[in-house]
Structures are given as structure tokens and as C-alpha cells.
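*Asks:* Got my_file37.pdb for you, PDB, C-alpha atoms:
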ATOM      1  CA  MET Y   1      90.239  48.192 122.241
ATOM      2  CA  GLU Y   2      93.154  49.238 120.044
ATOM      3  CA  SER Y   3      96.608  48.890 121.513
ATOM      4  CA  MET Y   4      98.466  52.085 122.247
ATOM      5  CA  ASN Y   5     102.106  52.784 121.609
ATOM      6  CA  ILE Y   6     104.004  55.020 124.016
ATOM      7  CA  SER Y   7     106.184  57.698 122.498
ATOM      8  CA  TYR Y   8     108.336  60.292 124.190
ATOM      9  CA  LEU Y   9     108.529  63.520 122.251
ATOM     10  CA  LEU Y  10     110.529  66.709 122.578
ATOM     11  CA  ILE Y  11     108.755  69.787 121.300
ATOM     12  CA  GLY Y  12     110.564  73.082 120.964
ATOM     13  CA  GLY Y  13     111.041  76.284 119.072
ATOM     14  CA  ASN Y  14     112.658  79.702 119.167
ATOM     15  CA  GLN Y  15     110.598  81.921 116.859
ATOM     16  CA  GLY Y  16     107.602  84.106 117.608
ATOM     17  CA  ASP Y  17     105.495  83.517 120.732
ATOM     18  CA  ARG Y  18     107.351  80.417 121.864
ATOM     19  CA  LEU Y  19     104.911  79.467 124.639
ATOM     20  CA  ALA Y  20     101.907  79.805 122.332
ATOM     21  CA  ARG Y  21     103.576  77.661 119.677
ATOM     22  CA  LEU Y  22     104.241  74.871 122.206
ATOM     23  CA  ALA Y  23     100.582  75.043 123.262
ATOM     24  CA  THR Y  24      99.497  74.844 119.605
ATOM     25  CA  ALA Y  25     101.767  71.836 119.033
ATOM     26  CA  ARG Y  26     100.229  70.066 122.050
ATOM     27  CA  ASP Y  27      96.716  70.845 120.778
ATOM     28  CA  LEU Y  28      97.535  69.519 117.296
ATOM     29  CA  ILE Y  29      99.136  66.365 118.739
ATOM     30  CA  LYS Y  30      95.906  65.742 120.693
ATOM     31  CA  ALA Y  31      93.778  66.482 117.609
ATOM     32  CA  ALA Y  32      95.843  63.909 115.657
ATOM     33  CA  GLY Y  33      94.918  61.224 118.171
ATOM     34  CA  GLY Y  34      97.856  61.565 120.535
ATOM     35  CA  ASP Y  35      96.917  61.113 124.180
ATOM     36  CA  ILE Y  36      99.332  63.280 126.179
ATOM     37  CA  ARG Y  37      99.864  61.312 129.382
ATOM     38  CA  LEU Y  38     102.624  63.455 130.908
ATOM     39  CA  ALA Y  39     104.183  66.833 130.117
ATOM     40  CA  SER Y  40     107.333  68.286 131.655
ATOM     41  CA  ALA Y  41     107.768  71.872 132.688
ATOM     42  CA  ILE Y  42     108.967  74.134 129.884
ATOM     43  CA  TYR Y  43     112.699  74.785 129.788
ATOM     44  CA  GLU Y  44     114.782  77.464 128.103
ATOM     45  CA  THR Y  45     118.180  76.757 126.558
ATOM     46  CA  ALA Y  46     120.597  78.653 124.379
ATOM     47  CA  ALA Y  47     120.569  77.444 120.785
ATOM     48  CA  TRP Y  48     122.529  74.225 120.199
ATOM     49  CA  GLY Y  49     124.712  73.676 117.123
ATOM     50  CA  LYS Y  50     124.150  77.146 115.622
ATOM     51  CA  THR Y  51     124.437  79.663 118.422
ATOM     52  CA  ASP Y  52     123.684  83.034 116.743
ATOM     53  CA  GLN Y  53     119.924  82.819 117.248
ATOM     54  CA  PRO Y  54     117.329  83.229 120.012
ATOM     55  CA  ALA Y  55     117.079  80.764 122.895
ATOM     56  CA  PHE Y  56     114.782  77.760 122.556
ATOM     57  CA  LEU Y  57     111.912  76.641 124.728
ATOM     58  CA  ASN Y  58     111.568  72.856 125.010
ATOM     59  CA  GLN Y  59     109.121  70.463 126.632
ATOM     60  CA  ALA Y  60     109.082  66.671 126.883
ATOM     61  CA  LEU Y  61     105.809  64.786 126.396
ATOM     62  CA  LYS Y  62     104.775  61.199 127.020
ATOM     63  CA  VAL Y  63     102.175  60.489 124.343
ATOM     64  CA  ALA Y  64     100.137  57.365 123.668
ATOM     65  CA  THR Y  65      99.196  56.794 120.025
ATOM     66  CA  PRO Y  66      97.549  53.953 118.119
ATOM     67  CA  GLN Y  67      99.870  54.704 115.164
ATOM     68  CA  ASN Y  68     103.060  52.807 114.450
ATOM     69  CA  ALA Y  69     106.360  54.721 114.504
ATOM     70  CA  PRO Y  70     106.619  55.554 110.757
ATOM     71  CA  ALA Y  71     102.993  56.744 110.628
ATOM     72  CA  TRP Y  72     103.474  58.754 113.832
ATOM     73  CA  LEU Y  73     106.536  60.444 112.325
ATOM     74  CA  LEU Y  74     104.483  61.484 109.273
ATOM     75  CA  THR Y  75     101.729  62.810 111.552
ATOM     76  CA  LEU Y  76     104.232  64.885 113.532
ATOM     77  CA  LEU Y  77     105.932  66.197 110.376
ATOM     78  CA  ASP Y  78     102.473  67.220 109.121
ATOM     79  CA  ILE Y  79     101.865  69.133 112.366
ATOM     80  CA  GLU Y  80     105.196  70.946 111.949
ATOM     81  CA  GLU Y  81     104.243  71.846 108.377
ATOM     82  CA  LYS Y  82     100.764  73.059 109.417
ATOM     83  CA  MET Y  83     102.438  75.313 111.960
ATOM     84  CA  GLY Y  84     104.678  76.810 109.270
ATOM     85  CA  ARG Y  85     107.916  74.891 109.787
ATOM     86  CA  ARG Y  86     110.259  75.072 106.831
ATOM     87  CA  ARG Y  87     113.464  73.028 106.926
ATOM     88  CA  GLN Y  88     115.999  75.429 105.453
ATOM     89  CA  GLU Y  89     119.093  75.359 107.624
ATOM     90  CA  LYS Y  90     120.515  72.602 109.831
ATOM     91  CA  TYR Y  91     120.225  73.672 113.484
ATOM     92  CA  GLY Y  92     118.666  76.924 112.282
ATOM     93  CA  PRO Y  93     115.855  78.863 113.946
ATOM     94  CA  ARG Y  94     112.473  77.176 113.892
ATOM     95  CA  ILE Y  95     108.850  77.868 114.646
ATOM     96  CA  ILE Y  96     108.393  74.343 115.973
ATOM     97  CA  ASP Y  97     110.369  71.148 116.164
ATOM     98  CA  ILE Y  98     108.810  67.835 117.214
ATOM     99  CA  ASP Y  99     111.255  64.989 117.745
ATOM    100  CA  ILE Y 100     110.446  61.388 118.615
ATOM    101  CA  LEU Y 101     112.972  60.525 121.328
ATOM    102  CA  PHE Y 102     111.661  57.028 122.114
ATOM    103  CA  PHE Y 103     108.845  54.828 120.804
ATOM    104  CA  ASN Y 104     107.942  51.917 123.068
ATOM    105  CA  ASN Y 105     111.202  50.031 123.495
ATOM    106  CA  SER Y 106     111.845  50.140 119.750
ATOM    107  CA  ILE Y 107     115.161  50.365 117.967
ATOM    108  CA  ILE Y 108     114.523  51.630 114.435
ATOM    109  CA  HIS Y 109     117.047  52.559 111.745
ATOM    110  CA  GLU Y 110     115.287  53.743 108.584
ATOM    111  CA  SER Y 111     116.205  56.442 106.109
ATOM    112  CA  ARG Y 112     113.846  59.011 107.674
ATOM    113  CA  LEU Y 113     113.481  57.605 111.168
ATOM    114  CA  THR Y 114     116.004  56.660 113.837
ATOM    115  CA  ILE Y 115     114.697  55.625 117.254
ATOM    116  CA  PRO Y 116     115.911  56.186 119.880
ATOM    117  CA  HIS Y 117     116.886  59.680 118.785
ATOM    118  CA  PRO Y 118     120.596  59.261 117.953
ATOM    119  CA  GLU Y 119     121.791  62.375 119.814
ATOM    120  CA  ILE Y 120     119.679  62.312 122.975
ATOM    121  CA  GLN Y 121     122.553  61.317 125.272
ATOM    122  CA  ASN Y 122     124.523  64.382 124.087
ATOM    123  CA  ARG Y 123     121.793  66.985 124.544
ATOM    124  CA  ARG Y 124     121.058  68.352 127.993
ATOM    125  CA  PHE Y 125     118.080  70.316 126.584
ATOM    126  CA  ALA Y 126     116.376  66.998 125.734
ATOM    127  CA  LEU Y 127     117.491  64.982 128.757
ATOM    128  CA  THR Y 128     116.497  67.572 131.390
ATOM    129  CA  PRO Y 129     112.761  67.760 130.580
ATOM    130  CA  LEU Y 130     112.653  64.026 129.805
ATOM    131  CA  GLU Y 131     114.254  63.192 133.153
ATOM    132  CA  GLU Y 132     111.447  65.122 134.846
ATOM    133  CA  ILE Y 133     108.732  62.835 133.420
ATOM    134  CA  ALA Y 134     110.641  59.572 132.845
ATOM    135  CA  PRO Y 135     113.753  59.405 135.043
ATOM    136  CA  PHE Y 136     113.885  55.596 135.039
ATOM    137  CA  LEU Y 137     113.085  55.038 131.370
ATOM    138  CA  ILE Y 138     115.841  52.829 129.983
ATOM    139  CA  HIS Y 139     117.512  53.756 126.705
ATOM    140  CA  PRO Y 140     117.117  50.503 124.705
ATOM    141  CA  VAL Y 141     120.529  50.807 123.046
ATOM    142  CA  LEU Y 142     122.692  52.310 125.793
ATOM    143  CA  GLN Y 143     120.921  50.372 128.586
ATOM    144  CA  LYS Y 144     121.026  53.339 130.963
ATOM    145  CA  THR Y 145     118.220  55.314 132.559
ATOM    146  CA  ILE Y 146     117.481  58.886 131.500
ATOM    147  CA  ARG Y 147     118.681  59.991 134.945
ATOM    148  CA  GLU Y 148     122.024  58.207 134.382
ATOM    149  CA  LEU Y 149     122.388  59.701 130.885
ATOM    150  CA  LEU Y 150     121.696  63.195 132.251
ATOM    151  CA  ALA Y 151     124.276  62.716 135.034
ATOM    152  CA  GLU Y 152     126.866  61.666 132.420
ATOM    153  CA  CYS Y 153     125.964  64.302 129.804
ATOM    154  CA  THR Y 154     128.870  66.592 128.888
ATOM    155  CA  ASP Y 155     126.755  69.183 127.016
ATOM    156  CA  PRO Y 156     127.792  72.525 128.604
ATOM    157  CA  LEU Y 157     124.610  74.443 127.691
ATOM    158  CA  ALA Y 158     122.577  75.512 130.713
ATOM    159  CA  VAL Y 159     118.951  74.405 130.780
ATOM    160  CA  LYS Y 160     116.690  76.417 133.064
ATOM    161  CA  GLN Y 161     113.036  75.986 133.905
ATOM    162  CA  PHE Y 162     110.979  78.657 132.150
ATOM    163  CA  VAL Y 163     107.409  77.850 133.189
TER     164      VAL Y 163
END
For this file, produce the structure as C-alpha cells.
*Replies:*
Amino acid sequence: MESMNISYLLIGGNQGDRLARLATARDLIKAAGGDIRLASAIYETAAWGKTDQPAFLNQALKVATPQNAPAWLLTLLDIEEKMGRRRQEKYGPRIIDIDILFFNNSIIHESRLTIPHPEIQNRRFALTPLEEIAPFLIHPVLQKTIRELLAECTDPLAVKQFV
């Protein structure tokens, strides 16, 4: 039996039918060999970084994959592209965004891949859904649980459960 890697993802978007796009992303992750083990509720948050745009829906997923982290990143970028994602503006509106928050207990610093996600501790919209499915997951760099990081997070944006 092949060994599985555990990744925690944040999927989100703020264009079109947001709920349908999250469902499509989950379906494409499964089709690419990702075994979704846990999924948070879906949360709505005002846009972060560039605020003159519609609110985002976000969901955290715990996904097992046989792929290594760089291959998994390419798979997820391919899913974004298939769904019509075009990277035009930093923090701009997007059809779909799929971020790898954690991958096993890995610490990776490559040109296109940084794990754990470098901003997770500063983003309530990522910590809130992640805390729902992995409250005691320990950040391998900061050595704090997701619950502790959420309690300490100074991000003022409200995150409310949507579905």
C-alpha cells in the first residue's frame, strides 16, 4: 500500500456562485487522487488585503494524497487553472484559490512553495475553519496549536459561518 501524506488546504473564492465553485474544487481534488478526510463548515469573510471586492467563502480540508508536496502543489495549481483562475492582481478577486497550509509536519522553503503557509498565523479566515477540523494540530515552526494561534490572532476581519 502506498503511503499517504496529510495536507491541510484552504479553498476559497469570491466570484460567481461561490458555493458551487467550492464544491467543484472538492470534486476536482478527489478526482486528482486527494482523499478528503475532513471538511470544515464554509465561512464568509470580507476580502483581506484588497478590500474593494466581494466577500470570500472559505473552507478548510484535511486531504490525504500519495503525492509529495511539490507535485501536490502542481496538481492544485492545475485545478485552479481548470476552473478558470487567472493570477492577475495580488489579493484580487478570484474564482478559486487553493492554498496548502500544512503538509505532514514539513517545513519547506522553495521558490514556489513555502510550507507551512507563511501568513497563516495572521489570517483569521484561514485559522477559523482550520481550528474546526484540527484544533490541536501543531504549527511545526511556531510550535503552537491552531487553537492557540487563533486565540492570539490580531486580524480584525470577522469570520462567520455561512453553511
*Asks:* Using only C-alpha atoms, determine which residues lie at most 12 Å from Gly33 in chain Y, disregarding the query and same-chain residues fewer than 6 positions distant; provide the list as a list in words.
*Replies:* Met4, Asn5, Arg26, Asp27, Val63, Ala64, Thr65, Pro66, Gln67, Ala71, Trp72, Thr75 and Leu76 of chain Y
*Asks:* Using only the atoms of range 39-51 of chain Y listed in the file, plus 5 Å on each side, state the axis-aligned box centre and edge lengths in Å rounded to one decimal, as lines of an AutoDock Vina configuration file.
*Replies:*
center_x = 114.4
center_y = 73.2
center_z = 124.2
size_x = 30.5
size_y = 22.8
size_z = 27.1
*Asks:* May I have the residues within 8 Å of range 57-61 of chain Y as a list in words, using only C-alpha atoms and disregarding those fewer than 5 positions away in the same chain?
*Replies:*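 The neighbour list is Tyr8, Leu9, Leu10, Ile11, Gly12, Gly13, Asn14, Arg18, Leu19, Leu22, Ile36, Arg37, Leu38, Ala39, Ser40, Ala41, Ile42, Tyr43, Glu44, Thr45, Phe125, Ala126, Pro129, Leu130, Ile133 and Phe162 of chain Y.
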*Asks:* Please produce a file of the residues just selected, as a PDB file, in the frame of the given file, where the atoms kept are C-alpha atoms.
*Replies:*
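Generated output (selection.pdb):
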ATOM      1  CA  TYR Y   8     108.336  60.292 124.190  1.00  0.00           C
ATOM      2  CA  LEU Y   9     108.529  63.520 122.251  1.00  0.00           C
ATOM      3  CA  LEU Y  10     110.529  66.709 122.578  1.00  0.00           C
ATOM      4  CA  ILE Y  11     108.755  69.787 121.300  1.00  0.00           C
ATOM      5  CA  GLY Y  12     110.564  73.082 120.964  1.00  0.00           C
ATOM      6  CA  GLY Y  13     111.041  76.284 119.072  1.00  0.00           C
ATOM      7  CA  ASN Y  14     112.658  79.702 119.167  1.00  0.00           C
ATOM      8  CA  ARG Y  18     107.351  80.417 121.864  1.00  0.00           C
ATOM      9  CA  LEU Y  19     104.911  79.467 124.639  1.00  0.00           C
ATOM     10  CA  LEU Y  22     104.241  74.871 122.206  1.00  0.00           C
ATOM     11  CA  ILE Y  36      99.332  63.280 126.179  1.00  0.00           C
ATOM     12  CA  ARG Y  37      99.864  61.312 129.382  1.00  0.00           C
ATOM     13  CA  LEU Y  38     102.624  63.455 130.908  1.00  0.00           C
ATOM     14  CA  ALA Y  39     104.183  66.833 130.117  1.00  0.00           C
ATOM     15  CA  SER Y  40     107.333  68.286 131.655  1.00  0.00           C
ATOM     16  CA  ALA Y  41     107.768  71.872 132.688  1.00  0.00           C
ATOM     17  CA  ILE Y  42     108.967  74.134 129.884  1.00  0.00           C
ATOM     18  CA  TYR Y  43     112.699  74.785 129.788  1.00  0.00           C
ATOM     19  CA  GLU Y  44     114.782  77.464 128.103  1.00  0.00           C
ATOM     20  CA  THR Y  45     118.180  76.757 126.558  1.00  0.00           C
ATOM     21  CA  PHE Y 125     118.080  70.316 126.584  1.00  0.00           C
ATOM     22  CA  ALA Y 126     116.376  66.998 125.734  1.00  0.00           C
ATOM     23  CA  PRO Y 129     112.761  67.760 130.580  1.00  0.00           C
ATOM     24  CA  LEU Y 130     112.653  64.026 129.805  1.00  0.00           C
ATOM     25  CA  ILE Y 133     108.732  62.835 133.420  1.00  0.00           C
ATOM     26  CA  PHE Y 162     110.979  78.657 132.150  1.00  0.00           C
TER      27      PHE Y 162
END
*Asks:* State, in Å with one decimal place, the distance from CA of Arg85 in chain Y to CA of Asp99 in chain Y.
*Replies:* 13.1 Å
*Asks:* Find, counting only C-alpha atoms, the residue in Y:Pro70, Y:Pro135, Y:Gly49, Y:Pro54 that gets nearest to Leu149 in chain Y.
*Replies:*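 Looking only at the distances to Leu149 in chain Y, the closest residue turns out to be Y:Pro135.
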*Asks:* Any chance you could resolve the PyMOL selection byres ((chain Y and resi 112-116) around 9) against this file and give the residues as a PDB file with C-alpha atoms, keeping the file's coordinate frame?
*Replies:*
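Everything below was put into selection_17.pdb:
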ATOM      1  CA  ALA Y  69     106.360  54.721 114.504  1.00  0.00           C
ATOM      2  CA  PRO Y  70     106.619  55.554 110.757  1.00  0.00           C
ATOM      3  CA  LEU Y  73     106.536  60.444 112.325  1.00  0.00           C
ATOM      4  CA  ILE Y 100     110.446  61.388 118.615  1.00  0.00           C
ATOM      5  CA  LEU Y 101     112.972  60.525 121.328  1.00  0.00           C
ATOM      6  CA  PHE Y 102     111.661  57.028 122.114  1.00  0.00           C
ATOM      7  CA  PHE Y 103     108.845  54.828 120.804  1.00  0.00           C
ATOM      8  CA  ASN Y 105     111.202  50.031 123.495  1.00  0.00           C
ATOM      9  CA  SER Y 106     111.845  50.140 119.750  1.00  0.00           C
ATOM     10  CA  ILE Y 107     115.161  50.365 117.967  1.00  0.00           C
ATOM     11  CA  ILE Y 108     114.523  51.630 114.435  1.00  0.00           C
ATOM     12  CA  HIS Y 109     117.047  52.559 111.745  1.00  0.00           C
ATOM     13  CA  GLU Y 110     115.287  53.743 108.584  1.00  0.00           C
ATOM     14  CA  SER Y 111     116.205  56.442 106.109  1.00  0.00           C
ATOM     15  CA  HIS Y 117     116.886  59.680 118.785  1.00  0.00           C
ATOM     16  CA  PRO Y 118     120.596  59.261 117.953  1.00  0.00           C
ATOM     17  CA  GLU Y 119     121.791  62.375 119.814  1.00  0.00           C
ATOM     18  CA  ILE Y 120     119.679  62.312 122.975  1.00  0.00           C
ATOM     19  CA  HIS Y 139     117.512  53.756 126.705  1.00  0.00           C
ATOM     20  CA  PRO Y 140     117.117  50.503 124.705  1.00  0.00           C
ATOM     21  CA  VAL Y 141     120.529  50.807 123.046  1.00  0.00           C
TER      22      VAL Y 141
END
*Asks:* In Å, how far is it from CA of Val159 in chain Y to CA of Thr24 in chain Y?
*Replies:*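 These atoms are spaced 22.4 Å apart.
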*Asks:* Let me know the residues the PyMOL selection byres ((chain Y and resi 123) around 9) catches in the file above, as a list in words.
*Replies:*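 What the PyMOL selection byres ((chain Y and resi 123) around 9) grabs from the file is Trp48, Glu119, Ile120, Gln121, Asn122, Arg124, Phe125, Ala126, Leu127, Thr128, Leu150, Cys153, Thr154, Asp155 and Leu157 of chain Y.
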*Asks:* In Å, rounded to a single decimal, give me how far CA of Ala158 in chain Y is from CA of Ile95 in chain Y.
*Replies:* 21.3 Å
*Asks:* For a quick check of understanding, using all atoms listed in the file, which of Y:Asn68, Y:Asn104, Y:Gln161, Y:Gln143 has the smallest distance to Ser7 in chain Y?
*Replies:*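 Using all atoms listed in the file, the shortest distance to Ser7 in chain Y belongs to Y:Asn104.
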*Asks:* Rank Y:Glu132, Y:Ala32, Y:Pro156, Y:Ala25 by their smallest atom-to-atom distance to Ala47 in chain Y, using all atoms listed in the file, and report the top residue only.
*Replies:* Y:Pro156
*Asks:* Please determine, counting all atoms listed in the file, which residue among Y:Arg86, Y:Arg147, Y:Lys62, Y:Lys160 has the shortest atom-to-atom distance to Gly34 in chain Y.
*Replies:*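 That would be Y:Lys62, the residue with the smallest distance to Gly34 in chain Y.
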*Asks:* With distances taken over all atoms listed in the file, which residue among Y:Ile6, Y:Glu131, Y:Asp52, Y:Ala20 lies nearest Ala151 in chain Y?
*Replies:*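 Among the listed residues, the smallest separation from Ala151 in chain Y belongs to Y:Glu131.
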